[in-house]
$ cat final.cif   # mmCIF, C-alpha atoms
data_run
#
loop_
_atom_site.label_atom_id
_atom_site.label_comp_id
_atom_site.auth_asym_id
_atom_site.auth_seq_id
_atom_site.Cartn_x
_atom_site.Cartn_y
_atom_site.Cartn_z
CA MET A 26 76.87 26.74 65.92
CA ARG A 27 80.24 25.35 65.00
CA PRO A 28 83.31 27.48 65.68
CA PHE A 29 84.36 29.56 62.70
CA MET A 30 87.96 28.40 62.83
CA PRO A 31 88.88 24.73 62.94
CA ALA A 32 90.20 23.85 66.38
CA ASP A 33 93.25 22.15 64.91
CA LYS A 34 96.30 23.80 66.50
CA ALA A 35 98.79 23.03 63.72
CA LEU A 36 96.43 24.50 61.17
CA LEU A 37 96.01 27.66 63.22
CA VAL A 38 99.78 28.04 63.45
CA ARG A 39 100.11 27.60 59.69
CA LEU A 40 97.35 30.13 59.12
CA PHE A 41 99.11 32.62 61.37
CA GLU A 42 102.37 32.15 59.46
CA GLN A 43 100.56 32.74 56.19
CA LEU A 44 98.84 35.80 57.59
CA LYS A 45 102.27 37.33 58.09
CA SER A 46 103.62 36.44 54.63
CA GLU A 47 100.56 36.98 52.40
CA PRO A 48 97.73 38.70 54.29
CA GLY A 49 95.67 39.42 51.14
CA GLU A 50 95.32 35.75 50.26
CA VAL A 51 94.31 34.84 53.82
CA LEU A 52 91.72 37.61 53.93
CA ARG A 53 90.35 36.51 50.55
CA ARG A 54 89.92 32.96 51.83
CA LEU A 55 88.35 34.08 55.08
CA ALA A 56 85.90 36.20 53.10
CA GLY A 57 85.16 33.14 50.94
CA LEU A 58 84.46 31.02 54.00
CA ALA A 59 82.26 33.69 55.56
CA ARG A 60 80.28 34.22 52.35
CA ALA A 61 79.68 30.48 52.03
CA ARG A 62 78.40 30.33 55.61
CA VAL A 63 75.89 33.06 54.86
CA LEU A 64 74.81 31.85 51.42
CA PHE A 65 74.48 28.17 52.31
CA ARG A 66 72.98 28.71 55.75
CA GLY A 67 70.14 26.21 55.32
CA CYS A 68 72.33 23.50 53.77
CA LYS A 69 74.35 20.60 55.10
CA ARG A 70 77.93 21.69 54.60
CA GLY A 71 81.22 19.93 55.09
CA GLU A 72 84.06 21.95 56.53
CA ARG A 73 85.74 24.71 54.56
CA VAL A 74 83.24 25.42 51.80
CA TYR A 75 84.42 28.50 49.88
CA ALA A 76 82.26 30.96 47.95
CA PHE A 77 84.60 33.51 46.37
CA GLY A 78 81.89 34.90 44.15
CA LEU A 79 78.16 35.40 44.20
CA VAL A 80 76.01 32.29 44.40
CA CYS A 81 72.22 32.35 44.07
CA VAL A 82 71.01 29.61 46.40
CA ARG A 83 67.39 28.45 46.67
CA ASN A 84 67.08 25.62 49.08
CA GLU A 85 63.56 24.23 49.33
CA GLY A 86 64.69 20.59 49.50
CA SER A 87 67.95 19.30 50.88
CA ILE A 88 71.36 20.44 49.67
CA THR A 89 74.52 18.68 50.83
CA LEU A 90 77.91 20.16 50.08
CA GLY A 91 81.07 18.15 50.66
CA ARG A 92 84.12 19.62 52.31
CA LEU A 93 86.31 22.02 50.32
CA THR A 94 83.65 22.73 47.70
CA THR A 95 84.66 25.96 45.95
CA PHE A 96 82.62 28.51 44.03
CA VAL A 97 84.88 30.68 41.90
CA ARG A 98 84.40 34.42 41.46
CA GLY A 99 83.44 35.60 38.00
CA MET A 100 81.34 37.87 35.88
CA LEU A 101 77.97 36.23 36.58
CA PRO A 102 76.65 34.46 39.69
CA THR A 103 76.50 30.69 40.03
CA GLU A 104 73.07 29.23 40.68
CA ILE A 105 72.24 26.32 42.99
CA ILE A 106 68.54 25.48 43.14
CA CYS A 107 66.86 22.64 44.99
CA ARG A 108 63.08 22.35 44.67
CA PRO A 109 60.76 20.99 47.39
CA GLY A 110 61.34 17.32 48.12
CA ALA A 111 64.44 17.18 45.93
CA THR A 112 67.97 16.24 46.95
CA LEU A 113 71.15 17.83 45.67
CA GLU A 114 74.44 16.30 46.73
CA ILE A 115 77.86 17.64 45.81
CA GLY A 116 80.97 15.65 46.70
CA GLU A 117 84.09 16.96 48.35
CA ARG A 118 86.71 19.10 46.58
CA SER A 119 84.34 20.08 43.78
CA THR A 120 84.88 23.37 41.97
CA PHE A 121 82.25 25.49 40.25
CA ASN A 122 83.14 28.29 37.88
CA TYR A 123 81.00 31.39 37.40
CA GLY A 124 77.62 31.28 35.67
CA ALA A 125 77.11 27.56 36.27
CA SER A 126 73.60 26.49 37.13
CA VAL A 127 72.54 23.32 38.95
CA GLU A 128 68.83 22.74 39.44
CA ALA A 129 67.30 19.71 41.18
CA HIS A 130 63.62 18.79 40.94
CA SER A 131 64.06 15.14 41.95
CA ALA A 132 67.71 14.28 42.63
CA VAL A 133 71.13 15.42 41.43
CA HIS A 134 74.13 13.52 42.75
CA ILE A 135 77.58 14.85 41.98
CA GLY A 136 80.71 12.91 42.94
CA ARG A 137 83.99 14.02 44.40
CA ARG A 138 86.52 16.33 42.71
CA PHE A 139 83.93 17.47 40.18
CA MET A 140 85.09 20.32 37.93
CA CYS A 141 82.39 22.54 36.52
CA ALA A 142 83.34 25.23 34.03
CA SER A 143 81.48 28.45 33.30
CA PHE A 144 77.89 28.45 31.97
CA VAL A 145 77.30 24.76 32.60
CA ARG A 146 73.64 23.90 33.01
CA ILE A 147 72.54 20.82 34.94
CA CYS A 148 68.76 20.47 35.30
CA ASP A 149 66.92 17.23 36.02
CA ARG A 150 63.52 18.25 34.71
CA GLY A 151 62.61 18.29 31.06
CA ARG A 152 59.53 17.85 28.94
CA GLU A 153 58.85 14.33 30.25
CA GLY A 154 59.10 15.31 33.91
CA ALA A 155 61.93 14.96 36.38
CA SER A 156 64.44 12.12 36.42
CA PRO A 157 67.61 12.04 38.50
CA ILE A 158 71.06 12.97 37.23
CA THR A 159 74.13 11.18 38.55
CA ILE A 160 77.65 12.45 37.96
CA GLY A 161 80.60 10.31 39.10
CA ASP A 162 83.92 11.20 40.69
CA ASP A 163 86.62 13.21 38.86
CA VAL A 164 84.26 14.41 36.13
CA TRP A 165 85.11 17.56 34.21
CA LEU A 166 82.33 19.43 32.40
CA ALA A 167 83.82 22.10 30.14
CA HIS A 168 82.41 25.52 29.24
CA GLY A 169 78.73 25.66 28.27
CA VAL A 170 77.83 21.99 28.69
CA VAL A 171 74.13 21.17 29.08
CA VAL A 172 73.28 17.99 30.98
CA GLN A 173 69.77 16.71 30.29
CA PRO A 174 67.50 14.83 32.72
CA GLY A 175 68.09 11.16 33.55
CA VAL A 176 71.72 11.16 32.44
CA THR A 177 74.50 9.31 34.24
CA ILE A 178 78.08 10.44 33.67
CA GLY A 179 80.67 7.85 34.70
CA ASP A 180 83.77 8.34 36.85
CA GLY A 181 86.70 10.23 35.33
CA SER A 182 84.86 11.35 32.20
CA VAL A 183 85.37 14.64 30.40
CA VAL A 184 82.63 16.44 28.48
CA SER A 185 83.89 18.80 25.81
CA ALA A 186 82.93 22.48 25.60
CA GLY A 187 79.49 23.32 24.25
CA SER A 188 78.19 19.73 24.29
CA VAL A 189 74.67 18.65 25.09
CA VAL A 190 74.65 15.41 27.06
CA SER A 191 71.38 13.59 26.38
CA SER A 192 72.46 9.97 26.94
CA ASP A 193 74.68 8.22 29.46
CA VAL A 194 78.44 8.71 29.32
CA PRO A 195 80.46 5.59 30.30
CA PRO A 196 83.29 5.93 32.83
CA GLY A 197 86.65 7.19 31.53
CA SER A 198 85.40 8.65 28.27
CA LEU A 199 85.37 11.93 26.39
CA ALA A 200 81.95 13.10 25.24
CA ALA A 201 81.54 15.82 22.62
CA GLY A 202 78.93 17.25 20.30
CA ASN A 203 75.18 17.82 20.21
CA PRO A 204 73.92 15.23 21.10
CA ALA A 205 77.14 14.20 22.83
CA ARG A 206 78.84 11.01 21.67
CA SER A 207 81.51 9.31 23.72
CA VAL A 208 85.01 8.12 22.87
CA ARG A 209 87.31 6.22 25.21
CA LEU A 210 89.48 8.76 27.00
CA SER A 211 92.52 6.51 26.70
CA HIS A 212 92.39 6.87 22.89
CA VAL A 213 92.34 10.65 22.87
CA ALA A 214 93.76 11.86 26.17
CA ARG A 215 96.59 14.29 26.10
CA GLU A 216 98.56 15.51 29.06
CA MET B 30 82.13 66.69 20.14
CA SER B 31 79.39 67.19 22.71
CA TRP B 32 80.20 67.15 26.41
CA ARG B 33 78.07 64.01 26.75
CA ALA B 34 80.22 62.12 24.22
CA ARG B 35 83.36 63.38 25.91
CA LEU B 36 82.12 62.17 29.27
CA HIS B 37 81.26 58.74 27.83
CA GLN B 38 84.74 58.47 26.37
CA LEU B 39 86.31 59.43 29.66
CA ARG B 40 84.22 56.86 31.51
CA SER B 41 85.17 54.22 28.93
CA ARG B 42 88.85 55.00 29.42
CA ILE B 43 88.48 54.68 33.16
CA LYS B 44 86.81 51.29 32.74
CA LEU B 45 89.65 50.15 30.49
CA ARG B 46 92.41 51.51 32.72
CA ALA B 47 93.78 48.03 33.42
CA CYS B 48 94.64 47.51 29.71
CA SER B 49 98.21 48.20 28.68
CA SER B 50 97.17 50.33 25.71
CA VAL B 51 93.86 51.71 24.49
CA GLY B 52 93.39 53.42 21.11
CA ALA B 53 91.38 56.52 20.26
CA ALA B 54 87.67 56.87 21.02
CA PRO B 55 86.85 53.72 23.00
CA SER B 56 83.22 53.15 23.92
CA VAL B 57 82.29 50.94 26.85
CA GLU B 58 78.73 50.31 27.99
CA GLY B 59 78.37 48.35 31.24
CA ARG B 60 81.06 46.49 33.16
CA VAL B 61 84.33 45.09 31.86
CA TRP B 62 86.19 42.64 34.07
CA ILE B 63 89.89 42.79 33.26
CA HIS B 64 92.18 40.57 35.27
CA GLY B 65 95.52 38.80 34.95
CA LYS B 66 98.99 40.27 34.70
CA GLY B 67 99.43 40.00 30.92
CA ARG B 68 99.26 42.66 28.21
CA ILE B 69 95.94 43.73 26.71
CA THR B 70 96.11 45.99 23.65
CA ILE B 71 92.93 47.62 22.40
CA GLY B 72 92.77 49.38 19.03
CA HIS B 73 90.96 52.52 17.92
CA ARG B 74 87.18 52.97 18.10
CA VAL B 75 86.56 49.64 19.84
CA ARG B 76 82.99 49.31 21.06
CA ILE B 77 82.28 47.14 24.08
CA ASP B 78 78.58 46.74 24.81
CA ALA B 79 78.31 44.93 28.14
CA GLY B 80 74.83 46.04 29.08
CA LEU B 81 73.36 42.58 29.63
CA ALA B 82 76.35 40.80 31.19
CA PRO B 83 79.93 41.85 31.88
CA VAL B 84 82.76 41.26 29.41
CA GLU B 85 85.77 39.34 30.63
CA LEU B 86 89.31 39.96 29.40
CA ASN B 87 91.86 37.75 31.11
CA ALA B 88 95.52 37.72 30.09
CA ALA B 89 97.63 35.54 32.35
CA GLU B 90 101.18 36.54 33.20
CA GLY B 91 103.25 36.79 30.00
CA ALA B 92 100.18 36.45 27.78
CA GLU B 93 98.85 38.97 25.29
CA ILE B 94 95.40 39.86 23.97
CA VAL B 95 95.35 42.09 20.90
CA ILE B 96 92.03 43.60 19.82
CA GLY B 97 92.18 45.44 16.49
CA ASP B 98 90.54 48.68 15.37
CA ASP B 99 86.73 49.02 15.03
CA VAL B 100 86.00 45.74 16.80
CA GLN B 101 82.55 45.31 18.31
CA VAL B 102 82.38 43.24 21.50
CA ASN B 103 78.97 42.28 22.87
CA SER B 104 77.66 41.29 26.30
CA GLY B 105 79.03 38.24 28.05
CA VAL B 106 82.03 37.79 25.76
CA SER B 107 84.96 36.18 27.51
CA ILE B 108 88.51 36.16 26.14
CA GLU B 109 91.07 34.25 28.18
CA ALA B 110 94.69 34.09 27.09
CA CYS B 111 97.66 32.24 28.51
CA GLY B 112 99.67 32.71 25.31
CA ARG B 113 98.29 34.96 22.64
CA VAL B 114 94.86 35.83 21.22
CA ASP B 115 94.52 38.10 18.18
CA ILE B 116 91.24 39.69 17.13
CA GLY B 117 91.53 41.39 13.73
CA GLU B 118 90.10 44.72 12.64
CA ARG B 119 86.36 45.21 12.18
CA CYS B 120 85.47 41.85 13.79
CA ARG B 121 82.21 41.34 15.62
CA LEU B 122 82.10 39.18 18.73
CA GLU B 123 78.48 38.32 19.46
CA ARG B 124 76.88 37.66 22.82
CA PHE B 125 78.38 35.12 25.20
CA CYS B 126 81.07 33.86 22.86
CA LYS B 127 84.16 32.45 24.51
CA ILE B 128 87.73 32.48 23.25
CA ILE B 129 90.40 30.50 25.09
CA ASP B 130 93.92 29.53 24.07
CA THR B 131 94.44 26.79 26.62
CA HIS B 132 92.16 24.12 28.07
CA PHE B 133 93.36 25.04 31.61
CA HIS B 134 93.26 21.39 32.70
CA PRO B 135 94.83 18.31 31.12
CA THR B 136 92.35 15.80 29.69
CA ALA B 137 94.16 12.73 31.04
CA LEU B 138 92.79 11.58 34.37
CA GLY B 139 96.06 10.93 36.18
CA ALA B 140 97.39 14.42 35.57
CA ARG B 141 94.09 16.16 36.35
CA ARG B 142 94.35 19.63 37.88
CA GLU B 143 98.11 19.34 38.19
CA ARG B 144 99.52 21.33 35.32
CA ARG B 145 98.05 23.76 32.81
CA PRO B 146 98.59 22.54 29.22
CA ASP B 147 100.68 24.70 26.88
CA PRO B 148 98.68 27.42 25.14
CA VAL B 149 98.11 27.40 21.37
CA PRO B 150 97.53 30.89 19.91
CA VAL B 151 94.07 31.79 18.61
CA VAL B 152 93.81 34.06 15.56
CA VAL B 153 90.64 35.74 14.33
CA GLU B 154 91.39 37.48 11.06
CA PRO B 155 89.89 40.87 10.13
CA ASP B 156 86.24 41.33 9.06
CA SER B 157 85.04 38.07 10.59
CA GLU B 158 82.12 37.48 12.88
CA ILE B 159 81.93 35.12 15.84
CA GLY B 160 78.33 34.09 16.47
CA CYS B 161 76.37 34.07 19.67
CA ARG B 162 77.56 31.46 22.23
CA ALA B 163 80.26 30.15 19.89
CA ILE B 164 83.39 28.75 21.51
CA LEU B 165 86.88 29.09 20.01
CA LEU B 166 89.17 26.48 21.53
CA PRO B 167 92.99 26.58 21.54
CA GLY B 168 94.51 26.78 18.07
CA ALA B 169 91.32 28.07 16.44
CA PHE B 170 91.91 30.10 13.29
CA VAL B 171 89.11 32.12 11.73
CA ARG B 172 89.85 33.31 8.22
CA ARG B 173 89.36 36.80 6.90
CA GLY B 174 85.69 37.64 6.46
CA ALA B 175 84.47 34.28 7.80
CA THR B 176 81.37 33.85 9.94
CA VAL B 177 81.35 31.39 12.79
CA ARG B 178 77.73 30.26 13.18
CA PRO B 179 76.05 30.68 16.56
CA ALA B 180 76.66 28.01 19.25
CA THR B 181 79.40 26.24 17.29
CA VAL B 182 82.71 25.02 18.68
CA VAL B 183 85.86 25.70 16.68
CA ARG B 184 88.71 23.36 17.51
CA THR B 185 92.28 23.28 16.26
CA ALA B 186 92.57 24.59 12.71
CA PRO B 187 93.47 22.12 9.99
CA ALA B 188 97.20 22.12 9.35
CA ALA B 189 96.69 23.63 5.88
CA ALA B 190 95.07 26.71 7.31
CA LEU B 191 97.93 27.22 9.71
CA ARG B 192 100.56 26.77 7.01
CA ARG B 193 98.86 29.19 4.63
CA PRO B 194 100.89 32.41 4.43
CA ARG B 195 99.19 35.22 6.30
CA PRO B 196 98.06 38.00 3.92
CA GLU B 197 99.39 41.39 4.96
CA ALA B 198 96.67 43.46 6.54
#
$ encode --input "final.cif" --output "structure tokens"
Amino acid sequence: MRPFMPADKALLVRLFEQLKSEPGEVLRRLAGLARARVLFRGCKRGERVYAFGLVCVRNEGSITLGRLTTFVRGMLPTEIICRPGATLEIGERSTFNYGASVEAHSAVHIGRRFMCASFVRICDRGREGASPITIGDDVWLAHGVVVQPGVTIGDGSVVSAGSVVSSDVPPGSLAAGNPARSVRLSHVARE
Amino acid sequence: MSWRARLHQLRSRIKLRACSSVGAAPSVEGRVWIHGKGRITIGHRVRIDAGLAPVELNAAEGAEIVIGDDVQVNSGVSIEACGRVDIGERCRLERFCKIIDTHFHPTALGARRERRPDPVPVVVEPDSEIGCRAILLPGAFVRRGATVRPATVVRTAPAAALRRPRPEA
């Protein structure tokens, strides 16, 4: 078993300083780390995976979580399901809001710095069977997005709230609607 | 009033203790998750039915959520304010609808996660109904007596609607 604390001395010193100035925040983060260790015990985890809220995990295949993946606390639990023989990979620094649900029957690959809002549903099995879903780096799925099987979402794309993504989204675009249609992000992006 | 009704009212008040003001006869079923440091004002006879899923009320620091009299809030409703959200009298918020007045993250890739965009107030006028799983995005304006169909997304109101003089309630 790996040590609970990273062995980095500078980091320990910083943590100790913070423990003196804001103990509540440090305790909250330690609780998040501990909860993630318990919930994702059968999974490959990078360092410092946080689970601040409840997460329903069913790992019958192989789940890989990158470092600094965060599950935010909220009113409903997040759901991470991996069926037998399936792979579910989540890149580093990804954030999941409450009520999100990711289900893998064949393969779901999620890139780095993925932002997942509340009530997002990603499932790679539909009426025609399972086909893998690939989500690139820096993707933001807004509240209530449904991603359908076989879809690829390109790097840096944003999917607008309440959309249903049934076809591929090219990199750097904004997808909206049901079914979602894409526009170049550079035409519409605001700060 | 029976002792049972009195007890229910007392329990409802305890559940809403984090709000800055609560009107007469509140009724809360289930769990309400109130967080943030802003002001939340709840009118008279507001019914919150959170039996299926909790209700979220989140007013960030300096923000304000105003819920009018006789409003019905159903399970899973989430209202998040960074500026101001107004819900008029006698409105119905159906299950799992979401009201936000900021996108929380900028859309542009370079500025991602850095800074929260400025909030645009959301106004729901009296007697309107927000359907199940509908989403009101920043700047949404629902007119008096209107019905937002289930699972629809309401974006920024057309300029004409914003310019229209507000009728006095």
$ closest_atom_pairs --input "final.cif" --of "chain A" --to "chain B" --cutoff "12 Å" --atoms "all atoms listed in the file" --output "JSON lines"
{"residue": "A:Arg98", "atom": "CA", "partner": "B:Trp62", "partner_atom": "CA", "distance": 11.2}
{"residue": "A:Gly99", "atom": "CA", "partner": "B:Trp62", "partner_atom": "CA", "distance": 8.5}
{"residue": "A:Met100", "atom": "CA", "partner": "B:Pro83", "partner_atom": "CA", "distance": 5.8}
{"residue": "A:Leu101", "atom": "CA", "partner": "B:Ala82", "partner_atom": "CA", "distance": 7.2}
{"residue": "A:Pro102", "atom": "CA", "partner": "B:Ala82", "partner_atom": "CA", "distance": 10.6}
{"residue": "A:Arg118", "atom": "CA", "partner": "B:Arg142", "partner_atom": "CA", "distance": 11.6}
{"residue": "A:Ser119", "atom": "CA", "partner": "B:Arg142", "partner_atom": "CA", "distance": 11.6}
{"residue": "A:Thr120", "atom": "CA", "partner": "B:Arg142", "partner_atom": "CA", "distance": 11.0}
{"residue": "A:Tyr123", "atom": "CA", "partner": "B:Glu85", "partner_atom": "CA", "distance": 11.5}
{"residue": "A:Gly124", "atom": "CA", "partner": "B:Gly105", "partner_atom": "CA", "distance": 10.4}
{"residue": "A:Arg138", "atom": "CA", "partner": "B:Arg142", "partner_atom": "CA", "distance": 9.8}
{"residue": "A:Phe139", "atom": "CA", "partner": "B:Arg142", "partner_atom": "CA", "distance": 10.9}
{"residue": "A:Met140", "atom": "CA", "partner": "B:Arg142", "partner_atom": "CA", "distance": 9.3}
{"residue": "A:Cys141", "atom": "CA", "partner": "B:His134", "partner_atom": "CA", "distance": 11.6}
{"residue": "A:Ala142", "atom": "CA", "partner": "B:Phe133", "partner_atom": "CA", "distance": 10.3}
{"residue": "A:Ser143", "atom": "CA", "partner": "B:Lys127", "partner_atom": "CA", "distance": 10.0}
{"residue": "A:Phe144", "atom": "CA", "partner": "B:Phe125", "partner_atom": "CA", "distance": 9.5}
{"residue": "A:Asp162", "atom": "CA", "partner": "B:Leu138", "partner_atom": "CA", "distance": 10.9}
{"residue": "A:Asp163", "atom": "CA", "partner": "B:Leu138", "partner_atom": "CA", "distance": 7.8}
{"residue": "A:Val164", "atom": "CA", "partner": "B:Leu138", "partner_atom": "CA", "distance": 9.2}
{"residue": "A:Trp165", "atom": "CA", "partner": "B:Thr136", "partner_atom": "CA", "distance": 8.7}
{"residue": "A:Leu166", "atom": "CA", "partner": "B:Thr136", "partner_atom": "CA", "distance": 11.0}
{"residue": "A:Ala167", "atom": "CA", "partner": "B:His132", "partner_atom": "CA", "distance": 8.8}
{"residue": "A:His168", "atom": "CA", "partner": "B:Ile164", "partner_atom": "CA", "distance": 8.4}
{"residue": "A:Gly169", "atom": "CA", "partner": "B:Arg162", "partner_atom": "CA", "distance": 8.5}
{"residue": "A:Val170", "atom": "CA", "partner": "B:Ala180", "partner_atom": "CA", "distance": 11.3}
{"residue": "A:Asp180", "atom": "CA", "partner": "B:Leu138", "partner_atom": "CA", "distance": 9.9}
{"residue": "A:Gly181", "atom": "CA", "partner": "B:Leu138", "partner_atom": "CA", "distance": 6.3}
{"residue": "A:Ser182", "atom": "CA", "partner": "B:Leu138", "partner_atom": "CA", "distance": 8.2}
{"residue": "A:Val183", "atom": "CA", "partner": "B:Thr136", "partner_atom": "CA", "distance": 7.1}
{"residue": "A:Val184", "atom": "CA", "partner": "B:Thr136", "partner_atom": "CA", "distance": 9.8}
{"residue": "A:Ser185", "atom": "CA", "partner": "B:Val182", "partner_atom": "CA", "distance": 9.5}
{"residue": "A:Ala186", "atom": "CA", "partner": "B:Val182", "partner_atom": "CA", "distance": 7.4}
{"residue": "A:Gly187", "atom": "CA", "partner": "B:Val182", "partner_atom": "CA", "distance": 6.7}
{"residue": "A:Ser188", "atom": "CA", "partner": "B:Val182", "partner_atom": "CA", "distance": 8.9}
{"residue": "A:Val189", "atom": "CA", "partner": "B:Ala180", "partner_atom": "CA", "distance": 11.2}
{"residue": "A:Pro196", "atom": "CA", "partner": "B:Leu138", "partner_atom": "CA", "distance": 11.2}
{"residue": "A:Gly197", "atom": "CA", "partner": "B:Leu138", "partner_atom": "CA", "distance": 8.1}
{"residue": "A:Ser198", "atom": "CA", "partner": "B:Leu138", "partner_atom": "CA", "distance": 10.0}
{"residue": "A:Leu199", "atom": "CA", "partner": "B:Thr136", "partner_atom": "CA", "distance": 8.6}
{"residue": "A:Ala200", "atom": "CA", "partner": "B:Thr136", "partner_atom": "CA", "distance": 11.6}
{"residue": "A:Ala201", "atom": "CA", "partner": "B:Val182", "partner_atom": "CA", "distance": 10.1}
{"residue": "A:Gly202", "atom": "CA", "partner": "B:Val182", "partner_atom": "CA", "distance": 8.8}
{"residue": "A:Asn203", "atom": "CA", "partner": "B:Thr181", "partner_atom": "CA", "distance": 9.9}
{"residue": "A:Arg209", "atom": "CA", "partner": "B:Ala137", "partner_atom": "CA", "distance": 11.1}
{"residue": "A:Leu210", "atom": "CA", "partner": "B:Ala137", "partner_atom": "CA", "distance": 7.3}
{"residue": "A:Ser211", "atom": "CA", "partner": "B:Ala137", "partner_atom": "CA", "distance": 7.8}
{"residue": "A:His212", "atom": "CA", "partner": "B:Ala137", "partner_atom": "CA", "distance": 10.2}
{"residue": "A:Val213", "atom": "CA", "partner": "B:Thr136", "partner_atom": "CA", "distance": 8.5}
{"residue": "A:Ala214", "atom": "CA", "partner": "B:Ala137", "partner_atom": "CA", "distance": 5.0}
{"residue": "A:Arg215", "atom": "CA", "partner": "B:Ala137", "partner_atom": "CA", "distance": 5.7}
{"residue": "A:Glu216", "atom": "CA", "partner": "B:Pro135", "partner_atom": "CA", "distance": 5.1}
$ resolve_selection --input "final.cif" --expression "the PyMOL selection byres ((chain A and resi 54) around 12)" --output "list of chain:residue names"
A:Leu40, A:Gln43, A:Leu44, A:Glu47, A:Pro48, A:Gly49, A:Glu50, A:Val51, A:Leu52, A:Arg53, A:Leu55, A:Ala56, A:Gly57, A:Leu58, A:Ala59, A:Arg60, A:Ala61, A:Arg73, A:Val74, A:Tyr75, A:Ala76, A:Phe77, A:Gly78, A:Leu93, A:Thr95, A:Phe96, A:Val97, A:Arg98
$ write_last_selection --input "final.cif" --atoms "C-alpha atoms" --output "short mmCIF file (atom, residue, chain, number, x, y, z; two decimals), in the coordinates of the input"
data_model
loop_
_atom_site.label_atom_id
_atom_site.label_comp_id
_atom_site.auth_asym_id
_atom_site.auth_seq_id
_atom_site.Cartn_x
_atom_site.Cartn_y
_atom_site.Cartn_z
CA LEU A 40 97.35 30.13 59.12
CA GLN A 43 100.56 32.74 56.19
CA LEU A 44 98.84 35.80 57.59
CA GLU A 47 100.56 36.98 52.40
CA PRO A 48 97.73 38.70 54.29
CA GLY A 49 95.67 39.42 51.14
CA GLU A 50 95.32 35.75 50.26
CA VAL A 51 94.31 34.84 53.82
CA LEU A 52 91.72 37.61 53.93
CA ARG A 53 90.35 36.51 50.55
CA LEU A 55 88.35 34.08 55.08
CA ALA A 56 85.90 36.20 53.10
CA GLY A 57 85.16 33.14 50.94
CA LEU A 58 84.46 31.02 54.00
CA ALA A 59 82.26 33.69 55.56
CA ARG A 60 80.28 34.22 52.35
CA ALA A 61 79.68 30.48 52.03
CA ARG A 73 85.74 24.71 54.56
CA VAL A 74 83.24 25.42 51.80
CA TYR A 75 84.42 28.50 49.88
CA ALA A 76 82.26 30.96 47.95
CA PHE A 77 84.60 33.51 46.37
CA GLY A 78 81.89 34.90 44.15
CA LEU A 93 86.31 22.02 50.32
CA THR A 95 84.66 25.96 45.95
CA PHE A 96 82.62 28.51 44.03
CA VAL A 97 84.88 30.68 41.90
CA ARG A 98 84.40 34.42 41.46
#
$ closest_residue --input "final.cif" --among "B:Ser157, B:Arg124, B:Gly168, B:Asp78" --to "Gly112 of chain B" --atoms "all atoms listed in the file"
B:Gly168
$ resolve_selection --input "final.cif" --expression "the PyMOL selection byres ((chain A and resi 107) around 10)" --output "compact mmCIF listing (two decimals) with C-alpha atoms, keeping the file's coordinate frame"
# COMPACT_ATOMS: atom_id res chain seq x y z
CA VAL A 82 71.01 29.61 46.40
CA ARG A 83 67.39 28.45 46.67
CA ASN A 84 67.08 25.62 49.08
CA GLU A 85 63.56 24.23 49.33
CA GLY A 86 64.69 20.59 49.50
CA SER A 87 67.95 19.30 50.88
CA ILE A 88 71.36 20.44 49.67
CA ILE A 105 72.24 26.32 42.99
CA ILE A 106 68.54 25.48 43.14
CA ARG A 108 63.08 22.35 44.67
CA PRO A 109 60.76 20.99 47.39
CA GLY A 110 61.34 17.32 48.12
CA ALA A 111 64.44 17.18 45.93
CA THR A 112 67.97 16.24 46.95
CA LEU A 113 71.15 17.83 45.67
CA VAL A 127 72.54 23.32 38.95
CA GLU A 128 68.83 22.74 39.44
CA ALA A 129 67.30 19.71 41.18
CA HIS A 130 63.62 18.79 40.94
CA SER A 131 64.06 15.14 41.95
CA ALA A 132 67.71 14.28 42.63
CA VAL A 133 71.13 15.42 41.43
$ residues_around --input "final.cif" --residues "His37 of chain B" --least-positions-apart "6" --cutoff "12 Å" --atoms "all atoms listed in the file" --output "list in words"
Met30, Ser31, Ile43, Lys44, Ala54, Pro55, Ser56, Val57, Glu58, Gly59 and Arg76 of chain B
$ write_last_selection --input "final.cif" --atoms "C-alpha atoms" --output "PDB file, in the coordinates of the input"
ATOM      1  CA  MET B  30      82.130  66.690  20.140  1.00  0.00           C
ATOM      2  CA  SER B  31      79.390  67.190  22.710  1.00  0.00           C
ATOM      3  CA  ILE B  43      88.480  54.680  33.160  1.00  0.00           C
ATOM      4  CA  LYS B  44      86.810  51.290  32.740  1.00  0.00           C
ATOM      5  CA  ALA B  54      87.670  56.870  21.020  1.00  0.00           C
ATOM      6  CA  PRO B  55      86.850  53.720  23.000  1.00  0.00           C
ATOM      7  CA  SER B  56      83.220  53.150  23.920  1.00  0.00           C
ATOM      8  CA  VAL B  57      82.290  50.940  26.850  1.00  0.00           C
ATOM      9  CA  GLU B  58      78.730  50.310  27.990  1.00  0.00           C
ATOM     10  CA  GLY B  59      78.370  48.350  31.240  1.00  0.00           C
ATOM     11  CA  ARG B  76      82.990  49.310  21.060  1.00  0.00           C
TER      12      ARG B  76
END
$ atom_distance --input "final.cif" --atom1 "atom CA of His64 of chain B" --atom2 "atom CA of Ser49 of chain B"
11.7 Å
$ atom_distance --input "final.cif" --atom1 "atom CA of Ser192 of chain A" --atom2 "atom CA of Arg137 of chain A"
21.3 Å
$ atom_distance --input "final.cif" --atom1 "atom CA of Glu117 of chain A" --atom2 "atom CA of Leu79 of chain A"
19.8 Å
$ residues_around --input "final.cif" --residues "Arg121 of chain B" --least-positions-apart "4" --cutoff "9 Å" --atoms "all atoms listed in the file" --output "list in words"
Asp99, Val100, Gln101, Val102, Asn103, Asp156, Ser157, Glu158, Ile159 and Gly160 of chain B
$ closest_residue --input "final.cif" --among "B:Ser104, B:Gln38, B:Asn87, B:Ser50" --to "Ile128 of chain B" --atoms "all atoms listed in the file"
B:Asn87
